[in-house]
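Undergrad: The structure is given below, and queries will be raised subsequently.
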Amino acid sequence: MAPSGSVQQPRKYSDGAEAKRIADADALKKHWRRWGPYLAERAWATVREDYSSDGDAWRYFPFEHAHQRAFRWGEDGIAGISDNHQQLCFALALWNGKDRVIKERLFGLTGHQGNHGEDVKELYYYVDNTPTHSYMKYLYKYPQNEFPYDQLVHENAKRTREEEEYELMDTGIFDEDRYFDVEIEYAKHASNVDDISIQISIHNRGPEAAPIHIIPQMWFRNKWSWSDTDYSTHEDEEDPSAPTSPRCSREILPEMPDIRLLSKDGEPCVIEAQSSTMAMYLHCDTSDGIEGPVPLFTENDTNLEKLYGVPNKNKYAKDGINDRIIHEDVAAVDLSHGTKTAAWYNGTIPAKSSKTIRLRFTSLREHHTDTDNSSFFGPSFDAVLQARRVEADQFYASLMPEGLSEDMRNVQRQAYAGMLWSKQFYHFIVKDWLDGDKGQVAPPVERKLGRNKEWRHLHVDDILSMPDKWEYPFFACWDTAFHAVVFSQFDPWFAKKQLTLMTREWYLHPNGQLPAYEWNFSDVNPPVHAWAAYRIYKTEKDIFGREDRLFLERIFQKLLLNFTWWVNRKDADGLNVFEGGFLGLDNIAVFNRSEGLPTGGRLRQADGTSWMAMFCLNMLEIALELAPTNRSYEDIASKFFEHFLYISDALSWSSDDGVDSSLWNEEDGFYYDSIVFSDSRVVPLKVRSLVGLIPLFPVLVLEPEVINQCPDFKRRMNWFFENFDFTKRNVDKFNDPKTGERILLALVPQDRLVRILDHMLDEEEFLSPYGIRSLSRFHKENPYVYYVGSTAHRVDYLPAESNSGLFGGNSNWRGPIWLSTTYLLIQSLQRFHHYYGDKFVVPCPSNSPKSQMMPLNHVADEIMHRLMRIFLKGGDGNRPVNGARGGKSNTDVHFKDLILFYEYFDAESAKGLGASHQTGWTGLIAKMIQKEGVDCKD
């Protein structure tokens, strides 16, 4: 079978302190992953918190309510951490003396407010992180003048979809460097998983001294307001101290958790947080030139009086700390205890100077001296921070190939940091959300007939990799698969857990469907889990020298259920031509593919059919991997082999009985979706988009040694070839005299591959200077229009943001570059090359005087290099991702080496678009850089 990429020498897991922590955590010897960056960056305006009758989550729980209203399902904060079940949270808050609320959470626009959908309007960066979160670093840029909340809302409201978004940098708030760089670092102590040193460094970048309030906060997630019970979904596989039996019974909270001041006047500040299941302590140091800390306490409860005009249940409410600091309301806080606390520091930072705050978040109660007899915040505090920094450097140095430039190393390391910072505690029990909580107002009756009503079994209480913890603070199933592939390079345990969770019984629907994402679990994402599972398996073997066959076998069994769901639900006519809905590609098509066609008839999808063909080959590849040690897998391998051939034939050829199911257009040399009407008319929707390139994804080379290890599979395969003539047009064979017969399974035969690549590698069509466009540039001058009566349905080439409100308006597959699908194209080209070799060459770019004839592996490398160009400094020192208005981002010493990993990218300029911290599948750039380094070394 085709290789998964360049193979590295296995790296010993025992090398280095961080690798040892990973090994101990994986083996459940020490729970190094208990505390991590698991706090969301937005809990407001999410589906989970929406109890409206119309399902408009954006309006039901706006940003303006978030500092006064307790969250039901999770918490948010800036640069925050929590335990892995989010009982206790810690995060940073700030106040510049001018804002109308303290800066407790990141601001952004909802889908109704943004001219291109919801969007965070802050500047923050994930600088560093390690797999066990032993060292983490986060940078937040906080303006010294009043934060322009209203200006951002009003200016974006005035702009049309044809105009660019109005960003925080555009407001001029960072002019003259009048801002603070606030760095927060976390360092875990080597001997105690529950002992974390925290250093907050505030740098005044401006020309004048400026005041600032630094307000570290600690609080318990509110469970008590909803009922006297909480539920956990399953056994805690991460915690060696957890009970071994499933935790599916009620976890009774016999009393309210409590946070109280332990220290007396004149003593170092120590705050205790205690519940029935944990006790942690926040030790707060003093800082020269900074007043405080002053401990403040309140309750993590909704301020009912302010929001709804009804009496509060408690004297103190969630916004008490805000009111004490900004409005000097002494009565708004308690002096001794509550469920939320802050250590309030304030001072003035001289121009171009810095101040530092030190805290220790620990299970150690006493503010004692350390074993080296230095004080709690003495030299040993600095030593822990420095040791974790050095260990993080050593860990990534062992991972990164020697052939990388310093700029590549910087991009890759921040990509890894973004992946790790994007972990989030995700809690959602759909049954409770639909039915409502005891003691609360019952949800409107409409919700039981609305969103996610079919998913009452879904019960989540896990740490998940999020696409973006602000814009998408919920899992998206096919995103998760790409995330896991990146994680497998440095933390295969977490990568495997992400995939297996989605197939567990409290996620996977009883009918076999994988949940799509929070807005509609019933939407259909491309079936890429089998692909990701095998990639992870191979990566762990290549890098770490281990074969986790149990993982592969367990997930294979669950994916059989998912495959059956696809076959039964998405092949309505039984012709092996699949539908599937929007398939994650949002507005790429002429019509909204999640809804019925306005034309009538049924849509046959080139991408849906191709995804299923890819699913078949992925399952075949896994079955053949497992078969040598368990011959029963040869039977199921035969099933997927035959099913692939039927799908391949249906996609590309009219059947022998005259049924026209083919989606190949011979005239254009491209695959298109088509509408099949009740009178048997078939109308192709001739849009040259990624939909027509996805047939390149399914490709598998069966090597002689693999076939010969599976004699039953080989016998059945040959019988199928002998008895079914249609296989001759769907299979390519090559008999090597030395090794035996090699077989290529692909949807696209060689002659059609040449024609599709002629489109894909044309710089006036799909090939951008920065990757592969999701829609051909051909449609810039030749928009596709389909009339339904007098109504025109139109597809134009849009290299940047969407000009439509479809799917919330902040997703666009009509031109921009997406790393996820481009990565799959690169991998397919590598597999085609593995079969055809260097003698099969194509012009790249095609239809251009600068074309060179290249084998397909060089074409793959060319596309990969164009993608890397998005993030790397060019000859002018600028990073294309920052856009033409990059300015400060490209030239300022405090900006130019900071990288944002966006959701998608302008096909002409490479400017980052959409969610600005979607390191998830955009983190694939780290995998491409890794391959580049390995290739350079080789």
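In the structure tokens, each chain is lettered A, B, ... as it comes, each chain's residues begin at 1, and ligands are numbered from 1 in order of appearance.
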Contacts of Val430 (chain A) at 8 Å or less, counting only C-alpha atoms, minus same-chain residues fewer than 3 places along, as a list in words?
TA: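 Listed by chain and then number, they are Trp433, Leu434, Asn452, Trp455, Arg456, His457, Leu458 and His459 of chain A.
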Undergrad: From a DSSP pass on the backbone, collect the residues of region 83-174 of chain A flagged as strand (DSSP E) and hand them back as a count of residues only.
TA: 28
Undergrad: Go through A:His189, A:Ala93, A:Arg535, A:Met619 and flag the residue nearest Leu561 (chain A), using only C-alpha atoms for the distances.
TA: A:Met619
Undergrad: Taking a cut-off of 8 Å and counting only C-alpha atoms, can you build a table that, for each residue of region 767-859 of chain A near region 673-694 of chain A, reports the nearest atom pair and how far apart they are in Å (one decimal), sorted by chain then residue number, as a tab-separated table?
TA:
residue	atom	partner	partner_atom	distance
A:Arg773	CA	A:Leu690	CA	7.8
A:Ser774	CA	A:Leu690	CA	5.0
A:Leu775	CA	A:Ser689	CA	4.2
A:Ser776	CA	A:Arg688	CA	5.6
A:Phe778	CA	A:Arg688	CA	7.9
A:His779	CA	A:Arg688	CA	7.8
A:Tyr784	CA	A:Val687	CA	6.4
A:Val795	CA	A:Val687	CA	7.7
A:Arg814	CA	A:Ser689	CA	7.6
A:Leu825	CA	A:Ile694	CA	7.9
Undergrad: Could you give me, as JSON lines, a per-residue list for region 564-652 of chain A showing, wherever an atom lies at most 9 Å from an atom of region 512-527 of chain A, the closest pair of atoms and their distance in Å to one decimal, using only C-alpha atoms and sorting by chain then residue number from low to high?
TA:
{"residue": "A:Thr564", "atom": "CA", "partner": "A:Gly512", "partner_atom": "CA", "distance": 7.2}
{"residue": "A:Trp565", "atom": "CA", "partner": "A:Gly512", "partner_atom": "CA", "distance": 5.3}
{"residue": "A:Trp566", "atom": "CA", "partner": "A:Gln513", "partner_atom": "CA", "distance": 7.8}
{"residue": "A:Gly580", "atom": "CA", "partner": "A:Val524", "partner_atom": "CA", "distance": 6.1}
{"residue": "A:Gly581", "atom": "CA", "partner": "A:Val524", "partner_atom": "CA", "distance": 6.3}
{"residue": "A:Phe582", "atom": "CA", "partner": "A:Val524", "partner_atom": "CA", "distance": 7.0}
{"residue": "A:Leu583", "atom": "CA", "partner": "A:Asn525", "partner_atom": "CA", "distance": 4.7}
{"residue": "A:Gly584", "atom": "CA", "partner": "A:Asn525", "partner_atom": "CA", "distance": 5.3}
{"residue": "A:Leu585", "atom": "CA", "partner": "A:Asn525", "partner_atom": "CA", "distance": 8.8}
{"residue": "A:Ser594", "atom": "CA", "partner": "A:Asp523", "partner_atom": "CA", "distance": 7.6}
{"residue": "A:Asp607", "atom": "CA", "partner": "A:Pro526", "partner_atom": "CA", "distance": 8.8}
{"residue": "A:Gly608", "atom": "CA", "partner": "A:Pro526", "partner_atom": "CA", "distance": 7.6}
{"residue": "A:Trp611", "atom": "CA", "partner": "A:Pro526", "partner_atom": "CA", "distance": 6.3}
{"residue": "A:Met612", "atom": "CA", "partner": "A:Pro527", "partner_atom": "CA", "distance": 7.2}
{"residue": "A:Met614", "atom": "CA", "partner": "A:Pro527", "partner_atom": "CA", "distance": 8.4}
{"residue": "A:Phe615", "atom": "CA", "partner": "A:Pro527", "partner_atom": "CA", "distance": 6.4}
Undergrad: Hey, can you spit out that residue selection with N, CA and C atoms as a compact mmCIF listing (two decimals), in the first residue's frame?
TA:
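The result, written out as part23.txt:
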# COMPACT_ATOMS: atom_id res chain seq x y z
N THR A 564 -22.41 1.49 7.40
CA THR A 564 -23.75 0.96 7.12
C THR A 564 -24.79 2.06 7.11
N TRP A 565 -24.65 3.02 8.03
CA TRP A 565 -25.58 4.17 8.04
C TRP A 565 -25.50 4.92 6.72
N TRP A 566 -24.30 5.17 6.23
CA TRP A 566 -24.14 5.87 4.97
C TRP A 566 -24.81 5.11 3.83
N GLY A 580 -25.86 13.11 0.62
CA GLY A 580 -25.10 13.42 1.82
C GLY A 580 -25.30 14.82 2.32
N GLY A 581 -25.94 15.69 1.52
CA GLY A 581 -26.14 17.06 1.99
C GLY A 581 -24.94 17.94 1.69
N PHE A 582 -24.72 18.92 2.56
CA PHE A 582 -23.69 19.91 2.25
C PHE A 582 -22.28 19.37 2.43
N LEU A 583 -22.14 18.28 3.21
CA LEU A 583 -20.86 17.61 3.37
C LEU A 583 -19.73 18.55 3.77
N GLY A 584 -20.05 19.48 4.66
CA GLY A 584 -19.02 20.36 5.20
C GLY A 584 -18.56 21.45 4.27
N LEU A 585 -19.04 21.45 3.03
CA LEU A 585 -18.56 22.42 2.05
C LEU A 585 -19.50 23.61 1.92
N SER A 594 -28.30 20.92 1.95
CA SER A 594 -28.90 20.37 3.16
C SER A 594 -30.42 20.39 3.08
N ASP A 607 -19.06 14.69 -4.87
CA ASP A 607 -18.25 14.62 -3.66
C ASP A 607 -18.78 13.56 -2.70
N GLY A 608 -20.12 13.48 -2.53
CA GLY A 608 -20.67 12.47 -1.65
C GLY A 608 -20.27 11.07 -2.09
N TRP A 611 -16.46 10.64 -1.45
CA TRP A 611 -16.15 10.42 -0.03
C TRP A 611 -16.44 8.97 0.35
N MET A 612 -17.54 8.42 -0.16
CA MET A 612 -17.86 7.04 0.17
C MET A 612 -16.86 6.07 -0.45
N MET A 614 -13.74 6.77 -0.94
CA MET A 614 -12.57 6.92 -0.08
C MET A 614 -12.77 6.15 1.23
N PHE A 615 -13.98 6.24 1.80
CA PHE A 615 -14.31 5.49 3.01
C PHE A 615 -14.08 3.99 2.77
Undergrad: Skipping near chain neighbours, those fewer than 3 positions away, what residues fall within 6 Å of region 70-74 of chain A using only C-alpha atoms, listed as a VMD selection string?
TA: chain A and resid 301 to 302 427
Undergrad: Counting only C-alpha atoms, what is within 12 Å of Met864 (chain A), bar same-chain residues fewer than 3 positions away, as a ChimeraX atom specification?
TA: /A:767-772,819-820,822-827,829-830,857-861,867-871,924-932
Undergrad: At a cut-off of 10 Å, using only C-alpha atoms, what residues contact Ile707 (chain A)? Leave out same-chain residues fewer than 4 positions from it and give the result as a ChimeraX atom specification.
TA: /A:1,624,702-703,711-715,717,740-743
Undergrad: Generate the output file for the selected residues, C-alpha atoms, as an mmCIF file, in the first residue's frame.
TA:
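Done, and the output landed in part-v3.cif:
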data_model
loop_
_atom_site.group_PDB
_atom_site.id
_atom_site.type_symbol
_atom_site.label_atom_id
_atom_site.label_comp_id
_atom_site.auth_asym_id
_atom_site.auth_seq_id
_atom_site.Cartn_x
_atom_site.Cartn_y
_atom_site.Cartn_z
ATOM 1 C CA MET A 1 0.000 0.000 0.000
ATOM 2 C CA LEU A 624 -5.707 -5.656 5.160
ATOM 3 C CA LEU A 702 -2.224 -2.863 -3.289
ATOM 4 C CA GLU A 703 1.329 -4.152 -3.128
ATOM 5 C CA PRO A 711 -4.621 -15.600 0.496
ATOM 6 C CA ASP A 712 -8.393 -15.686 0.962
ATOM 7 C CA PHE A 713 -8.699 -12.044 -0.051
ATOM 8 C CA LYS A 714 -6.430 -12.644 -3.054
ATOM 9 C CA ARG A 715 -8.523 -15.623 -4.194
ATOM 10 C CA MET A 717 -10.323 -10.645 -5.632
ATOM 11 C CA GLY A 740 4.608 -9.472 -8.567
ATOM 12 C CA GLU A 741 1.358 -7.799 -9.498
ATOM 13 C CA ARG A 742 0.621 -4.305 -8.188
ATOM 14 C CA ILE A 743 -2.952 -3.027 -8.299
#
Undergrad: What's around region 51-68 of chain A at 6 Å? Count only C-alpha atoms, leave out sequence neighbours fewer than 6 positions away in its own chain, and write the answer as a PyMOL selection string.
TA: chain A and resi 44-45+110+302-303+318-319+444+446
Undergrad: Write to file, as a PDB file, in the first residue's frame, the residues of the selection just made, with N, CA and C atoms.
TA:
ATOM      1  N   TRP A  44     -20.854  32.201  25.807  1.00  0.00           N
ATOM      2  CA  TRP A  44     -22.103  32.882  25.469  1.00  0.00           C
ATOM      3  C   TRP A  44     -22.426  32.677  23.984  1.00  0.00           C
ATOM      4  N   ALA A  45     -23.711  32.832  23.636  1.00  0.00           N
ATOM      5  CA  ALA A  45     -24.186  32.705  22.254  1.00  0.00           C
ATOM      6  C   ALA A  45     -23.846  31.346  21.649  1.00  0.00           C
ATOM      7  N   THR A 110     -21.476  38.549  16.836  1.00  0.00           N
ATOM      8  CA  THR A 110     -22.264  37.364  16.521  1.00  0.00           C
ATOM      9  C   THR A 110     -22.564  37.333  15.028  1.00  0.00           C
ATOM     10  N   THR A 302     -26.111  34.117  38.625  1.00  0.00           N
ATOM     11  CA  THR A 302     -26.696  35.141  37.760  1.00  0.00           C
ATOM     12  C   THR A 302     -27.198  36.314  38.576  1.00  0.00           C
ATOM     13  N   ASN A 303     -26.961  37.529  38.081  1.00  0.00           N
ATOM     14  CA  ASN A 303     -27.519  38.735  38.694  1.00  0.00           C
ATOM     15  C   ASN A 303     -28.928  38.928  38.128  1.00  0.00           C
ATOM     16  N   LYS A 318     -22.447  37.195  40.066  1.00  0.00           N
ATOM     17  CA  LYS A 318     -21.276  36.940  39.235  1.00  0.00           C
ATOM     18  C   LYS A 318     -20.495  38.205  38.900  1.00  0.00           C
ATOM     19  N   ASP A 319     -21.183  39.325  38.735  1.00  0.00           N
ATOM     20  CA  ASP A 319     -20.511  40.571  38.346  1.00  0.00           C
ATOM     21  C   ASP A 319     -20.062  41.406  39.531  1.00  0.00           C
ATOM     22  N   PRO A 444     -39.175  26.164  26.315  1.00  0.00           N
ATOM     23  CA  PRO A 444     -40.371  26.260  25.467  1.00  0.00           C
ATOM     24  C   PRO A 444     -40.632  24.939  24.755  1.00  0.00           C
ATOM     25  N   GLU A 446     -41.350  24.345  21.832  1.00  0.00           N
ATOM     26  CA  GLU A 446     -40.813  24.278  20.472  1.00  0.00           C
ATOM     27  C   GLU A 446     -39.467  23.539  20.424  1.00  0.00           C
TER      28      GLU A 446
END
Undergrad: Nearest to Ser363 (chain A) among A:Asp194, A:Asp796, A:Asp906, A:Glu862, with distances taken over only C-alpha atoms: which residue is it?
TA: A:Asp194
Undergrad: Contacts of Glu185 (chain A) at 12 Å or less, counting only C-alpha atoms, minus same-chain residues fewer than 6 places along, as an mmCIF file with C-alpha atoms, in the first residue's frame?
TA:
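around-v1.cif written:
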data_model
loop_
_atom_site.group_PDB
_atom_site.id
_atom_site.type_symbol
_atom_site.label_atom_id
_atom_site.label_comp_id
_atom_site.auth_asym_id
_atom_site.auth_seq_id
_atom_site.Cartn_x
_atom_site.Cartn_y
_atom_site.Cartn_z
ATOM 1 C CA PRO A 37 -6.090 25.080 28.802
ATOM 2 C CA ALA A 79 -5.749 32.370 28.851
ATOM 3 C CA GLY A 80 -7.647 30.146 31.254
ATOM 4 C CA ILE A 81 -7.084 26.689 32.683
ATOM 5 C CA ALA A 91 -8.216 32.792 34.161
ATOM 6 C CA LEU A 92 -6.924 36.307 33.741
ATOM 7 C CA TYR A 126 -0.948 30.965 21.431
ATOM 8 C CA VAL A 127 2.796 31.209 21.867
ATOM 9 C CA ASP A 128 3.793 27.863 23.371
ATOM 10 C CA ASN A 129 2.423 24.678 24.907
ATOM 11 C CA HIS A 133 0.666 21.313 29.502
ATOM 12 C CA SER A 134 3.736 21.332 31.713
ATOM 13 C CA TYR A 135 4.586 24.667 30.104
ATOM 14 C CA MET A 136 2.142 27.048 28.431
ATOM 15 C CA LYS A 137 2.483 30.611 27.202
ATOM 16 C CA TYR A 138 -0.243 32.945 25.935
ATOM 17 C CA LEU A 139 -0.023 36.576 24.790
ATOM 18 C CA TYR A 140 -2.900 39.046 24.968
ATOM 19 C CA ILE A 196 1.453 25.141 38.921
ATOM 20 C CA SER A 197 3.543 28.293 38.950
ATOM 21 C CA ILE A 198 1.892 31.192 37.119
ATOM 22 C CA GLN A 199 3.753 34.270 35.937
ATOM 23 C CA ILE A 200 1.923 37.264 34.441
ATOM 24 C CA SER A 201 4.210 39.783 32.736
ATOM 25 C CA ILE A 202 2.762 43.162 31.723
ATOM 26 C CA THR A 356 5.474 40.905 36.845
ATOM 27 C CA ILE A 357 2.860 39.173 39.002
ATOM 28 C CA ARG A 358 3.527 35.722 40.456
ATOM 29 C CA LEU A 359 0.992 33.193 41.638
ATOM 30 C CA ARG A 360 1.034 29.572 42.630
ATOM 31 C CA ASP A 382 12.227 31.034 38.598
ATOM 32 C CA VAL A 384 10.661 25.829 37.703
ATOM 33 C CA LEU A 385 9.683 28.258 34.953
ATOM 34 C CA GLN A 386 13.096 28.071 33.343
ATOM 35 C CA ARG A 388 9.887 23.882 31.867
ATOM 36 C CA ARG A 389 10.888 26.338 29.122
#
